[in-house]
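**Q** What follows is start.txt, compact mmCIF, C-alpha atoms.
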# COMPACT_ATOMS: atom_id res chain seq x y z
CA MET A 1 97.90 -17.43 94.41
CA LYS A 2 99.36 -20.87 93.71
CA LYS A 3 100.94 -22.73 96.62
CA VAL A 4 104.37 -24.36 96.27
CA ALA A 5 106.20 -26.72 98.65
CA PHE A 6 109.81 -27.87 98.65
CA TYR A 7 111.54 -31.02 99.85
CA THR A 8 115.33 -31.31 100.01
CA LEU A 9 117.45 -34.43 100.22
CA GLY A 10 121.18 -34.38 100.82
CA CYS A 11 123.74 -31.76 101.66
CA LYS A 12 123.93 -28.16 102.85
CA LEU A 13 124.56 -27.14 99.24
CA ASN A 14 121.18 -28.55 98.22
CA PHE A 15 119.51 -26.63 101.06
CA SER A 16 121.09 -23.37 99.91
CA GLU A 17 119.87 -23.98 96.34
CA THR A 18 116.35 -25.01 97.39
CA SER A 19 116.03 -21.86 99.49
CA THR A 20 117.14 -19.66 96.60
CA ILE A 21 114.74 -21.36 94.17
CA SER A 22 111.92 -20.93 96.70
CA ARG A 23 112.59 -17.18 96.75
CA GLN A 24 112.30 -17.16 92.94
CA PHE A 25 108.78 -18.53 93.37
CA GLU A 26 107.86 -16.04 96.09
CA ASP A 27 109.15 -13.15 93.97
CA ARG A 28 106.71 -14.28 91.25
CA GLY A 29 103.72 -14.27 93.59
CA PHE A 30 103.62 -17.91 94.65
CA GLN A 31 102.87 -18.80 98.26
CA LYS A 32 105.49 -21.03 99.88
CA VAL A 33 103.82 -23.61 102.14
CA ASP A 34 104.75 -26.72 104.09
CA PHE A 35 104.69 -30.11 102.39
CA GLN A 36 101.40 -31.10 104.08
CA GLU A 37 99.47 -27.92 103.19
CA ASN A 38 97.91 -29.18 99.95
CA PRO A 39 100.35 -27.45 97.54
CA ASP A 40 99.66 -26.94 93.85
CA ILE A 41 103.33 -27.55 93.04
CA PHE A 42 105.99 -29.72 94.66
CA ILE A 43 109.70 -29.14 93.95
CA ILE A 44 111.82 -32.07 95.13
CA ASN A 45 115.59 -31.50 95.25
CA THR A 46 117.35 -34.87 95.13
CA CYS A 47 120.74 -36.26 96.09
CA SER A 48 122.79 -39.04 94.48
CA VAL A 49 125.18 -39.58 97.39
CA THR A 50 122.48 -40.87 99.73
CA GLU A 51 121.90 -44.60 99.52
CA ASN A 52 118.78 -45.76 97.68
CA ALA A 53 118.25 -42.38 95.99
CA ASP A 54 115.62 -43.91 93.72
CA LYS A 55 113.58 -45.32 96.61
CA LYS A 56 113.69 -42.05 98.50
CA CYS A 57 112.60 -40.09 95.45
CA LYS A 58 109.71 -42.48 94.77
CA LYS A 59 108.58 -42.33 98.39
CA ILE A 60 108.49 -38.53 98.46
CA VAL A 61 106.59 -38.35 95.16
CA LYS A 62 104.09 -40.91 96.48
CA GLU A 63 103.54 -38.87 99.64
CA ALA A 64 103.16 -35.67 97.61
CA LYS A 65 100.45 -37.19 95.42
CA LYS A 66 98.67 -38.56 98.49
CA ILE A 67 98.56 -35.07 100.00
CA SER A 68 97.65 -33.25 96.78
CA PRO A 69 96.58 -35.65 93.97
CA ASP A 70 96.30 -32.95 91.28
CA SER A 71 99.62 -31.28 92.11
CA TYR A 72 102.48 -30.63 89.67
CA VAL A 73 105.69 -32.45 90.72
CA ALA A 74 109.11 -31.33 89.47
CA ILE A 75 112.32 -33.19 90.36
CA ILE A 76 115.68 -31.39 90.40
CA GLY A 77 119.13 -32.04 91.90
CA CYS A 78 121.97 -34.52 91.47
CA TYR A 79 119.84 -37.63 91.04
CA ALA A 80 117.76 -35.81 88.43
CA GLN A 81 120.92 -35.11 86.41
CA LEU A 82 122.17 -38.69 86.67
CA LYS A 83 118.91 -40.59 86.01
CA PRO A 84 116.43 -38.22 84.31
CA ARG A 85 114.64 -40.84 82.18
CA GLU A 86 114.34 -43.23 85.10
CA ILE A 87 112.82 -40.51 87.29
CA SER A 88 110.42 -39.39 84.55
CA GLU A 89 108.84 -42.85 84.68
CA ILE A 90 107.94 -42.54 88.37
CA LYS A 91 104.17 -42.25 88.62
CA GLY A 92 103.20 -38.70 89.49
CA VAL A 93 106.32 -36.93 88.18
CA ASP A 94 105.57 -34.07 85.74
CA ALA A 95 109.07 -32.71 85.05
CA VAL A 96 112.72 -33.56 85.59
CA LEU A 97 115.34 -30.80 85.34
CA GLY A 98 119.10 -31.29 85.23
CA ALA A 99 121.99 -29.29 86.66
CA ALA A 100 121.98 -26.68 83.88
CA GLU A 101 118.18 -26.25 84.04
CA LYS A 102 117.18 -26.31 87.73
CA PHE A 103 117.48 -22.54 88.26
CA ARG A 104 115.30 -21.93 85.16
CA LEU A 105 112.09 -23.62 86.34
CA HIS A 106 109.82 -20.69 85.43
CA GLU A 107 111.41 -20.12 82.05
CA LEU A 108 111.24 -23.80 81.09
CA LEU A 109 107.96 -24.90 82.71
CA GLY A 110 105.88 -21.74 82.19
CA ASP A 111 102.63 -21.97 84.15
CA PHE A 112 103.37 -25.52 85.42
CA ALA A 113 100.48 -27.02 83.43
CA LYS A 114 100.31 -30.81 83.55
CA GLU A 115 100.85 -32.69 80.30
CA GLN A 116 100.28 -36.27 79.23
CA GLU A 117 103.95 -37.21 79.62
CA ALA A 118 106.63 -36.02 82.00
CA LYS A 119 108.99 -33.37 80.61
CA VAL A 120 112.68 -34.28 80.71
CA LEU A 121 114.88 -31.19 80.58
CA ALA A 122 118.37 -32.41 81.39
CA SER A 123 121.30 -31.39 79.20
CA GLU A 124 124.66 -33.16 79.22
CA ILE A 125 126.61 -32.22 82.33
CA THR A 126 129.15 -30.38 80.14
CA GLU A 127 126.44 -27.71 79.70
CA ALA A 128 126.51 -26.90 83.44
CA LYS A 129 129.15 -24.19 83.11
CA SER A 130 127.73 -21.17 84.91
CA PHE A 131 127.78 -20.57 88.65
CA ASN A 132 124.38 -19.97 90.22
CA ASN A 133 124.56 -17.94 93.41
CA ALA A 134 122.55 -19.42 96.28
CA TYR A 135 122.03 -19.12 100.01
CA SER A 136 119.42 -20.30 102.48
CA ILE A 137 117.44 -17.81 104.53
CA ASN A 138 114.55 -18.10 107.03
CA ASP A 139 114.84 -21.89 106.92
CA ARG A 140 117.16 -22.49 109.86
CA THR A 141 119.06 -20.61 112.57
CA ARG A 142 122.16 -20.58 110.40
CA THR A 143 122.49 -19.76 106.71
CA PHE A 144 124.18 -21.99 104.13
CA LEU A 145 126.06 -19.79 101.63
CA LYS A 146 127.12 -21.47 98.39
CA VAL A 147 130.52 -20.25 97.19
CA GLN A 148 131.58 -23.04 94.81
CA ASP A 149 130.05 -25.81 92.69
CA GLY A 150 131.25 -28.88 90.78
CA CYS A 151 134.47 -30.84 91.14
CA ASN A 152 137.52 -31.64 89.01
CA TYR A 153 138.85 -34.44 91.21
CA GLY A 154 137.15 -37.57 89.84
CA CYS A 155 137.56 -39.89 92.84
CA ALA A 156 136.93 -43.54 91.92
CA PHE A 157 133.75 -43.87 94.02
CA CYS A 158 132.08 -40.54 93.27
CA THR A 159 129.38 -39.43 90.83
CA ILE A 160 129.37 -35.77 91.87
CA PRO A 161 131.37 -34.55 88.82
CA LEU A 162 128.78 -36.35 86.65
CA ALA A 163 125.92 -34.74 88.58
CA ARG A 164 127.30 -31.22 89.05
CA GLY A 165 129.98 -30.72 86.43
CA LYS A 166 133.38 -29.11 86.59
CA SER A 167 134.62 -26.91 89.42
CA ARG A 168 133.41 -23.31 89.20
CA SER A 169 132.98 -20.54 91.72
CA ASN A 170 131.37 -17.31 92.62
CA THR A 171 133.66 -14.26 92.84
CA ILE A 172 134.82 -12.86 96.17
CA ALA A 173 133.01 -9.59 95.41
CA SER A 174 129.72 -11.41 94.81
CA VAL A 175 130.10 -13.61 97.92
CA LEU A 176 130.70 -10.49 100.01
CA GLU A 177 127.56 -8.91 98.57
CA SER A 178 125.55 -12.01 99.55
CA ALA A 179 127.13 -12.02 103.03
CA ARG A 180 126.08 -8.40 103.56
CA GLU A 181 122.53 -9.23 102.42
CA ILE A 182 122.49 -12.10 104.91
CA ALA A 183 123.84 -9.86 107.68
CA SER A 184 120.90 -7.49 107.20
CA THR A 185 118.48 -10.34 108.07
CA ASP A 186 119.84 -10.80 111.61
CA VAL A 187 121.39 -14.21 110.87
CA LYS A 188 124.13 -14.97 113.38
CA GLU A 189 125.99 -17.81 111.63
CA VAL A 190 126.93 -18.49 108.01
CA VAL A 191 128.17 -21.89 106.82
CA LEU A 192 130.25 -21.75 103.62
CA THR A 193 129.23 -24.58 101.31
CA GLY A 194 130.19 -26.07 97.97
CA VAL A 195 131.15 -29.38 96.41
CA ASN A 196 134.88 -28.75 96.88
CA ILE A 197 135.12 -25.36 98.59
CA GLY A 198 138.89 -25.44 98.99
CA ASP A 199 139.03 -25.29 95.18
CA PHE A 200 137.22 -21.94 95.23
CA GLY A 201 138.42 -19.40 92.68
CA ILE A 202 137.83 -21.01 89.27
CA VAL A 203 135.75 -18.70 87.08
CA GLU A 204 135.02 -19.65 83.44
CA GLY A 205 137.54 -22.49 83.62
CA LYS A 206 140.45 -20.41 84.93
CA ARG A 207 141.71 -19.95 88.47
CA GLN A 208 141.29 -16.28 89.35
CA GLU A 209 141.03 -16.20 93.16
CA ARG A 210 141.86 -18.32 96.23
CA PHE A 211 139.76 -19.77 99.04
CA ALA A 212 142.15 -18.28 101.61
CA ASP A 213 141.52 -14.79 100.23
CA LEU A 214 137.76 -15.38 100.43
CA VAL A 215 138.14 -16.32 104.11
CA PHE A 216 140.22 -13.19 104.79
CA ALA A 217 137.62 -10.97 103.08
CA LEU A 218 134.58 -12.52 104.81
CA ASP A 219 136.23 -12.02 108.18
CA GLN A 220 135.79 -8.26 107.63
CA VAL A 221 132.01 -8.43 107.04
CA ASP A 222 130.15 -6.75 109.89
CA GLY A 223 126.89 -8.09 111.26
CA ILE A 224 127.65 -11.83 111.22
CA ASP A 225 128.92 -13.37 114.45
CA ARG A 226 130.22 -16.62 113.02
CA PHE A 227 131.49 -18.16 109.81
CA ARG A 228 131.82 -21.94 109.67
CA ILE A 229 133.75 -23.75 106.91
CA SER A 230 131.96 -26.88 105.75
CA SER A 231 133.77 -29.95 104.42
CA ILE A 232 137.21 -29.13 102.98
CA GLU A 233 139.75 -31.50 101.40
CA PRO A 234 142.89 -32.03 103.55
CA ASN A 235 145.22 -31.14 100.66
CA LEU A 236 143.40 -27.80 100.26
CA LEU A 237 143.27 -26.95 103.97
CA THR A 238 146.52 -24.97 104.09
CA ASN A 239 148.56 -23.78 107.06
CA GLU A 240 147.64 -20.26 105.98
CA ILE A 241 143.93 -20.97 106.48
CA ILE A 242 144.40 -22.89 109.75
CA GLU A 243 146.60 -20.15 111.22
CA PHE A 244 144.12 -17.46 110.20
CA VAL A 245 141.15 -19.29 111.74
CA SER A 246 143.12 -19.67 114.98
CA ARG A 247 143.36 -15.85 115.18
CA SER A 248 139.92 -14.97 113.85
CA GLU A 249 137.04 -13.91 116.06
CA ARG A 250 134.48 -14.79 113.37
CA PHE A 251 135.71 -18.05 111.80
CA VAL A 252 134.99 -20.78 114.32
CA PRO A 253 137.37 -23.59 115.40
CA HIS A 254 135.48 -26.36 113.63
CA PHE A 255 136.81 -28.27 110.63
CA HIS A 256 135.18 -31.12 108.72
CA ILE A 257 137.89 -32.88 106.73
CA PRO A 258 137.14 -35.92 104.53
CA LEU A 259 139.57 -38.78 105.07
CA GLN A 260 137.67 -41.67 103.39
CA SER A 261 140.32 -44.24 104.40
CA GLY A 262 143.19 -44.49 106.86
CA SER A 263 145.00 -46.91 104.53
CA ASN A 264 147.35 -45.46 101.93
CA THR A 265 146.69 -48.51 99.74
CA ILE A 266 142.97 -47.72 99.64
CA LEU A 267 143.52 -43.96 99.30
CA ARG A 268 145.56 -44.61 96.16
CA LYS A 269 142.86 -46.93 94.76
CA MET A 270 140.24 -44.28 95.48
CA GLY A 271 142.25 -41.68 93.57
CA ARG A 272 142.46 -39.32 96.55
CA ARG A 273 145.04 -36.52 96.32
CA TYR A 274 146.81 -37.08 99.64
CA LEU A 275 148.07 -39.86 101.91
CA ARG A 276 147.34 -40.45 105.59
CA GLU A 277 150.56 -38.70 106.64
CA LEU A 278 149.28 -35.39 105.26
CA TYR A 279 145.94 -35.89 107.01
CA GLU A 280 147.69 -36.54 110.30
CA ASP A 281 149.73 -33.38 109.79
CA ARG A 282 146.56 -31.29 109.23
CA VAL A 283 144.99 -32.59 112.43
CA SER A 284 148.19 -31.98 114.38
CA LYS A 285 148.47 -28.42 113.06
CA ILE A 286 144.87 -27.61 114.05
CA LYS A 287 145.17 -29.11 117.53
CA THR A 288 148.50 -27.39 118.19
CA LEU A 289 147.00 -23.96 117.47
CA MET A 290 143.44 -24.70 118.69
CA PRO A 291 143.37 -27.52 121.27
CA HIS A 292 139.62 -26.99 121.71
CA ALA A 293 138.88 -27.24 117.96
CA CYS A 294 136.32 -29.75 116.74
CA ILE A 295 137.43 -31.98 113.86
CA GLY A 296 134.90 -34.10 111.96
CA VAL A 297 135.91 -36.85 109.55
CA ASP A 298 134.22 -38.53 106.57
CA VAL A 299 135.17 -42.17 106.12
CA ILE A 300 134.01 -44.83 103.64
CA VAL A 301 134.07 -48.51 104.63
CA GLY A 302 133.93 -51.51 102.33
CA PHE A 303 135.61 -49.97 99.28
CA PRO A 304 136.71 -52.66 96.78
CA GLY A 305 139.97 -54.24 97.91
CA GLU A 306 139.54 -53.26 101.57
CA THR A 307 140.70 -56.41 103.34
CA ASP A 308 140.31 -56.96 107.09
CA GLU A 309 143.91 -55.83 107.54
CA LEU A 310 143.41 -52.62 105.54
CA PHE A 311 140.20 -51.84 107.43
CA LEU A 312 142.07 -52.25 110.71
CA GLU A 313 144.64 -49.75 109.40
CA THR A 314 141.80 -47.26 109.07
CA TYR A 315 140.29 -48.15 112.45
CA ASN A 316 143.58 -47.87 114.32
CA PHE A 317 144.54 -44.68 112.51
CA LEU A 318 141.25 -43.04 113.52
CA ASN A 319 141.42 -44.42 117.03
CA ASP A 320 144.84 -42.79 117.56
CA LEU A 321 143.90 -39.51 115.86
CA ASP A 322 142.78 -36.49 117.94
CA ILE A 323 139.42 -36.05 116.19
CA SER A 324 135.91 -35.33 117.48
CA TYR A 325 133.41 -37.36 115.45
CA LEU A 326 132.99 -39.43 112.28
CA HIS A 327 130.53 -39.43 109.40
CA VAL A 328 130.60 -43.09 108.34
CA PHE A 329 129.50 -44.07 104.82
CA THR A 330 129.01 -47.68 103.80
CA TYR A 331 130.41 -48.00 100.27
CA SER A 332 127.70 -48.56 97.68
CA GLU A 333 128.25 -49.15 94.00
CA ARG A 334 127.59 -46.22 91.67
CA ALA A 335 127.17 -46.59 87.91
CA ASN A 336 129.80 -44.92 85.70
CA THR A 337 132.47 -44.84 88.40
CA ARG A 338 135.87 -46.56 88.22
CA ALA A 339 135.26 -48.37 91.51
CA VAL A 340 132.43 -50.44 90.01
CA GLU A 341 134.95 -52.24 87.79
CA MET A 342 137.42 -52.99 90.60
CA ASP A 343 138.15 -56.42 92.02
CA GLY A 344 137.93 -57.32 95.68
CA VAL A 345 134.25 -56.59 96.28
CA VAL A 346 133.55 -56.56 100.03
CA PRO A 347 130.42 -58.52 101.06
CA MET A 348 127.60 -56.26 102.28
CA LYS A 349 127.47 -58.03 105.65
CA LYS A 350 131.13 -57.18 106.23
CA ARG A 351 130.60 -53.58 105.10
CA ASN A 352 127.80 -53.19 107.64
CA GLU A 353 129.89 -54.73 110.43
CA ARG A 354 132.72 -52.29 109.73
CA SER A 355 130.30 -49.35 109.61
CA LYS A 356 128.95 -50.34 113.02
CA MET A 357 132.47 -50.52 114.48
CA LEU A 358 133.29 -47.02 113.25
CA ARG A 359 129.98 -45.57 114.43
CA ILE A 360 130.69 -46.89 117.92
CA LEU A 361 134.17 -45.34 117.69
CA SER A 362 132.59 -42.06 116.63
CA GLU A 363 130.40 -41.98 119.74
CA LYS A 364 133.45 -42.61 121.93
CA LYS A 365 135.38 -39.84 120.18
CA ARG A 366 132.50 -37.38 120.52
CA ARG A 367 132.05 -38.12 124.22
CA LYS A 368 135.77 -37.78 124.90
CA PHE A 369 135.81 -34.44 123.06
CA TYR A 370 132.82 -33.22 125.09
CA GLU A 371 134.42 -34.37 128.36
CA GLU A 372 137.64 -32.50 127.54
CA ASN A 373 135.66 -29.26 127.29
CA LEU A 374 133.55 -29.55 130.45
CA GLY A 375 134.07 -26.66 132.85
CA LYS A 376 135.09 -24.33 130.03
CA THR A 377 133.17 -21.30 128.79
CA PHE A 378 131.96 -21.04 125.21
CA THR A 379 129.44 -19.06 123.17
CA VAL A 380 126.28 -20.92 122.16
CA LEU A 381 123.96 -19.99 119.30
CA PHE A 382 120.57 -21.19 120.52
CA GLU A 383 118.09 -22.62 118.03
CA GLU A 384 114.34 -23.08 117.92
CA ASP A 385 114.88 -26.69 118.93
CA ILE A 386 112.84 -27.34 122.07
CA ASP A 387 112.49 -30.77 123.69
CA GLY A 388 111.24 -31.57 127.20
CA GLY A 389 111.51 -27.97 128.37
CA LYS A 390 115.09 -27.71 127.11
CA MET A 391 116.42 -25.63 124.24
CA HIS A 392 119.48 -26.58 122.22
CA GLY A 393 122.29 -24.94 120.32
CA PHE A 394 125.90 -25.34 119.30
CA THR A 395 129.08 -23.82 120.69
CA GLU A 396 131.58 -22.32 118.28
CA ASN A 397 133.48 -25.63 118.42
CA TYR A 398 130.34 -27.60 117.60
CA ILE A 399 129.37 -29.03 120.99
CA ARG A 400 125.61 -29.55 121.19
CA VAL A 401 124.31 -27.88 124.32
CA ALA A 402 121.05 -28.19 126.27
CA ALA A 403 119.77 -25.38 128.49
CA LYS A 404 116.61 -24.33 130.30
CA TYR A 405 114.13 -22.94 127.76
CA ASP A 406 114.11 -19.17 127.43
CA PRO A 407 112.24 -17.71 124.41
CA MET A 408 114.48 -14.64 124.50
CA LEU A 409 117.51 -16.79 123.65
CA ILE A 410 116.23 -18.22 120.33
CA ASN A 411 118.64 -17.18 117.53
CA GLU A 412 120.80 -15.42 120.09
CA THR A 413 124.36 -16.10 121.21
CA LYS A 414 125.14 -16.45 124.89
CA GLN A 415 128.26 -17.32 126.86
CA VAL A 416 127.80 -20.48 128.92
CA THR A 417 129.88 -22.79 131.06
CA LEU A 418 129.69 -26.47 130.10
CA ASP A 419 128.66 -28.54 133.13
CA TYR A 420 127.98 -32.23 132.40
CA ILE A 421 126.88 -34.65 129.66
CA ASN A 422 123.22 -35.63 130.01
CA ASP A 423 121.54 -38.95 129.18
CA SER A 424 120.87 -37.76 125.61
CA GLY A 425 124.57 -37.14 125.00
CA ASN A 426 124.21 -33.33 124.97
CA VAL A 427 126.07 -31.00 127.33
CA GLU A 428 124.07 -29.25 130.03
CA VAL A 429 125.17 -25.74 130.96
CA LEU A 430 125.43 -24.01 134.29
CA GLU A 431 122.63 -21.51 134.85
CA PRO A 432 123.87 -18.00 135.77
CA GLU A 433 123.02 -18.41 139.48
CA MET A 434 124.79 -21.79 139.51
CA VAL A 435 127.91 -20.21 137.99
CA TYR A 436 127.79 -17.60 140.77
CA GLU A 437 127.47 -20.28 143.47
CA LYS A 438 130.29 -22.32 141.93
CA HIS A 439 132.72 -19.37 141.90
CA LYS A 440 131.67 -17.77 145.21
Translate the structure described by the file into C-alpha cells.
**A**
Amino acid sequence: MKKVAFYTLGCKLNFSETSTISRQFEDRGFQKVDFQENPDIFIINTCSVTENADKKCKKIVKEAKKISPDSYVAIIGCYAQLKPREISEIKGVDAVLGAAEKFRLHELLGDFAKEQEAKVLASEITEAKSFNNAYSINDRTRTFLKVQDGCNYGCAFCTIPLARGKSRSNTIASVLESAREIASTDVKEVVLTGVNIGDFGIVEGKRQERFADLVFALDQVDGIDRFRISSIEPNLLTNEIIEFVSRSERFVPHFHIPLQSGSNTILRKMGRRYLRELYEDRVSKIKTLMPHACIGVDVIVGFPGETDELFLETYNFLNDLDISYLHVFTYSERANTRAVEMDGVVPMKKRNERSKMLRILSEKKRRKFYEENLGKTFTVLFEEDIDGGKMHGFTENYIRVAAKYDPMLINETKQVTLDYINDSGNVEVLEPEMVYEKHK
C-alpha cells in the first residue's frame, strides 16, 4: 500500500479540495499519512494570493524531499495554474497540474512513476469549465463545503480569475446531497466556501439558481447544528440573506465581507463593484438586526495611487465602523493584472507601516467586540485544541473561547457564559458551579 501525504496552502476552498482529492486516493487503496511519515507521494496544493508563493512552494518541496528523497511530488492549485513551467523547474517536482487537471491525478499520472523530466499538465484556464464538488471531512472540527468556483469580476489586483477561471457553481440539489452526507459523519458545523459564493447559481455559463435560495434550502437540512457563510461580496450580501440569517437557528451571526479600501477613489481604481456607502449600509443592516453579530473585513493597503490622505480615509472609515476584526493584506504586485501598470506605486516601507496601523486597529476592534459580549450566554463548538490544560472553541458569533479541558466536550456544542478576556486574548467562560454561585 503506497503512502500519500498532502500539504495545503491558502484558503478554505483549497482545504475542501485537498480533502476531496485525498479521499480519491484512499478509495484507490492508498494510505493517507502525515507529512513526516515517509510518504511515497506528496500532493502540494498551492495558493497564488499568499505572498511569496514561489518561495513557499520551494520550501515545502525541499522539506518533502528531505523527509522522503525518493518520493513523487505533484503540485496543484492556483500557483500551479499561473506558473506551471516555473514550478516544474523546482528541484524535486515530478508533476504540475492546472485547474482543469487537478481532480484527474490518477487518470493523468497513472502509477505515479518518476520520469526524467517533470510533467506539466496545465491547460489554458478557459478549459476549466466544469464544477468539481468538494468538501473537507475528518480534517478539522468543522467542514468546508465548496459550493462555487471561479470569478467573473476581474478586480485590478487579483489573479484568481486567471488561476480558477470563470464563475461556476454546484446545483442546490447536489449541495444538499453533500450536506446530508456530511451530517451523517457527526460534523457540527459547515462553512460554505467558494471564490465568490454570493455569485452562486451559474451552471454551464448561465445563471440558474440564487445563493439566497441555497441558504434557505440548507437551513432545512437536519443533523448539522451550524452553517457559516465564508467571505461574501458586499454587493451580493442582500437584505434578503441578512434578514433570513437573523431569524435562522442554523445560520450563525458571522459575516466576513471584503472591503479592500475605505476610499471610493481607490475602490474605483480597483474595479470593485460597490462604494463605501453600500458597505456601511450592509454593516448597519446586520448590526440593527443582530447587534451581537461578528463582522470581519478584508482590506488591502498600499494599492497604487493610495496617498497618505486616501489611506487615512480607509483608516478613519474602519475606525468608525461597527466591525469586529480585520484581515489586512499588504498589496503586492501580481503579473498580468491591471494594477501592475498603474502609476503611484507606494513604497514598500510605507505599505508595511500602514499594514501595522491596521493590524493594531484590528486588535482594538476585536477586543472591543469581545468586551461587548462579556456576561452573555452563547453556544461554543469545542475543538481538539488543547493548550496549558485549556480547550478552545468558537461561539456562533466567532468569539474564541477558552475553558477547562474536558475530553467529553471535544466536537460538542455547549452553552457557556462569557466571563473575562485572558492574557492570550481569548474569552474565559464561567464553569457551571461558578454560574450557579453568580446567580444565587
**Q** Let me make sure I understand: among A:Gln260, A:Glu243, A:Lys365, A:Gly344, which one has the smallest atom-to-atom distance to A:Ile295 if we use all atoms listed in the file?
**A**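 Result for the nearest residue to A:Ile295: A:Lys365.
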**Q** Name all residues at most 8 Å from A:Glu189 (count only C-alpha atoms; drop same-chain ones fewer than 2 positions away) and give them as number ranges by chain.
**A** A: 141-143, 187, 191, 224-228
**Q** Given the choices A:Ile160, A:Gly223, A:Asp54, A:Tyr153, which gets closest to A:Ala179 if the distance is worked out from only C-alpha atoms?
**A**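 The answer is A:Gly223, which sits nearest to A:Ala179.
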**Q** Which polymer residues have any atom within 10 Å of an atom of stretch 202-207 of chain A, counting only C-alpha atoms, with same-chain residues fewer than 2 positions away left out, as a list of chain:residue names?
**A** A:Lys129, A:Ser130, A:Phe131, A:Gln148, A:Asp149, A:Lys166, A:Ser167, A:Arg168, A:Ser169, A:Asn170, A:Thr171, A:Asp199, A:Phe200, A:Glu209, A:Arg210
**Q** Which one is closest to A:Asp186: A:Asn411, A:Asn352, A:Ser362, A:Thr417? Count only C-alpha atoms.
**A**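 Closest to A:Asp186 of all the choices is A:Asn411.
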**Q** Could you name the residues that touch A:Leu289 at 8 Å or less, counting all atoms listed in the file, but leaving out those on the same chain fewer than 2 positions away, as a short mmCIF file (atom, residue, chain, number, x, y, z; two decimals) with C-alpha atoms, keeping the file's coordinate frame?
**A**
data_model
loop_
_atom_site.label_atom_id
_atom_site.label_comp_id
_atom_site.auth_asym_id
_atom_site.auth_seq_id
_atom_site.Cartn_x
_atom_site.Cartn_y
_atom_site.Cartn_z
CA GLU A 243 146.60 -20.15 111.22
CA SER A 246 143.12 -19.67 114.98
CA LYS A 285 148.47 -28.42 113.06
CA ILE A 286 144.87 -27.61 114.05
CA LYS A 287 145.17 -29.11 117.53
CA PRO A 291 143.37 -27.52 121.27
#
**Q** Find the residues near A:Val346: any atom within 9 Å, counting only C-alpha atoms, skip ones fewer than 5 places away on the same chain, and give them as number ranges by chain.
**A** A: 302-307, 351
**Q** Provide the atom CA of A:Ser324 to atom CA of A:Leu312 distance in Å, to one decimal place.
**A**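 These two atoms are separated by 19.2 Å.
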**Q** State, in Å with one decimal place, the distance from atom CA of A:Asp40 to atom CA of A:Tyr135.
**A**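 Straight-line distance from atom CA of A:Asp40 to atom CA of A:Tyr135 works out to 24.5 Å.
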**Q** Using only C-alpha atoms for the distances, tell me which of A:Ile67, A:Ser424, A:Leu418, A:Glu101 is nearest to A:Asp387.
**A**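 So, comparing all the options, the nearest one is A:Ser424.
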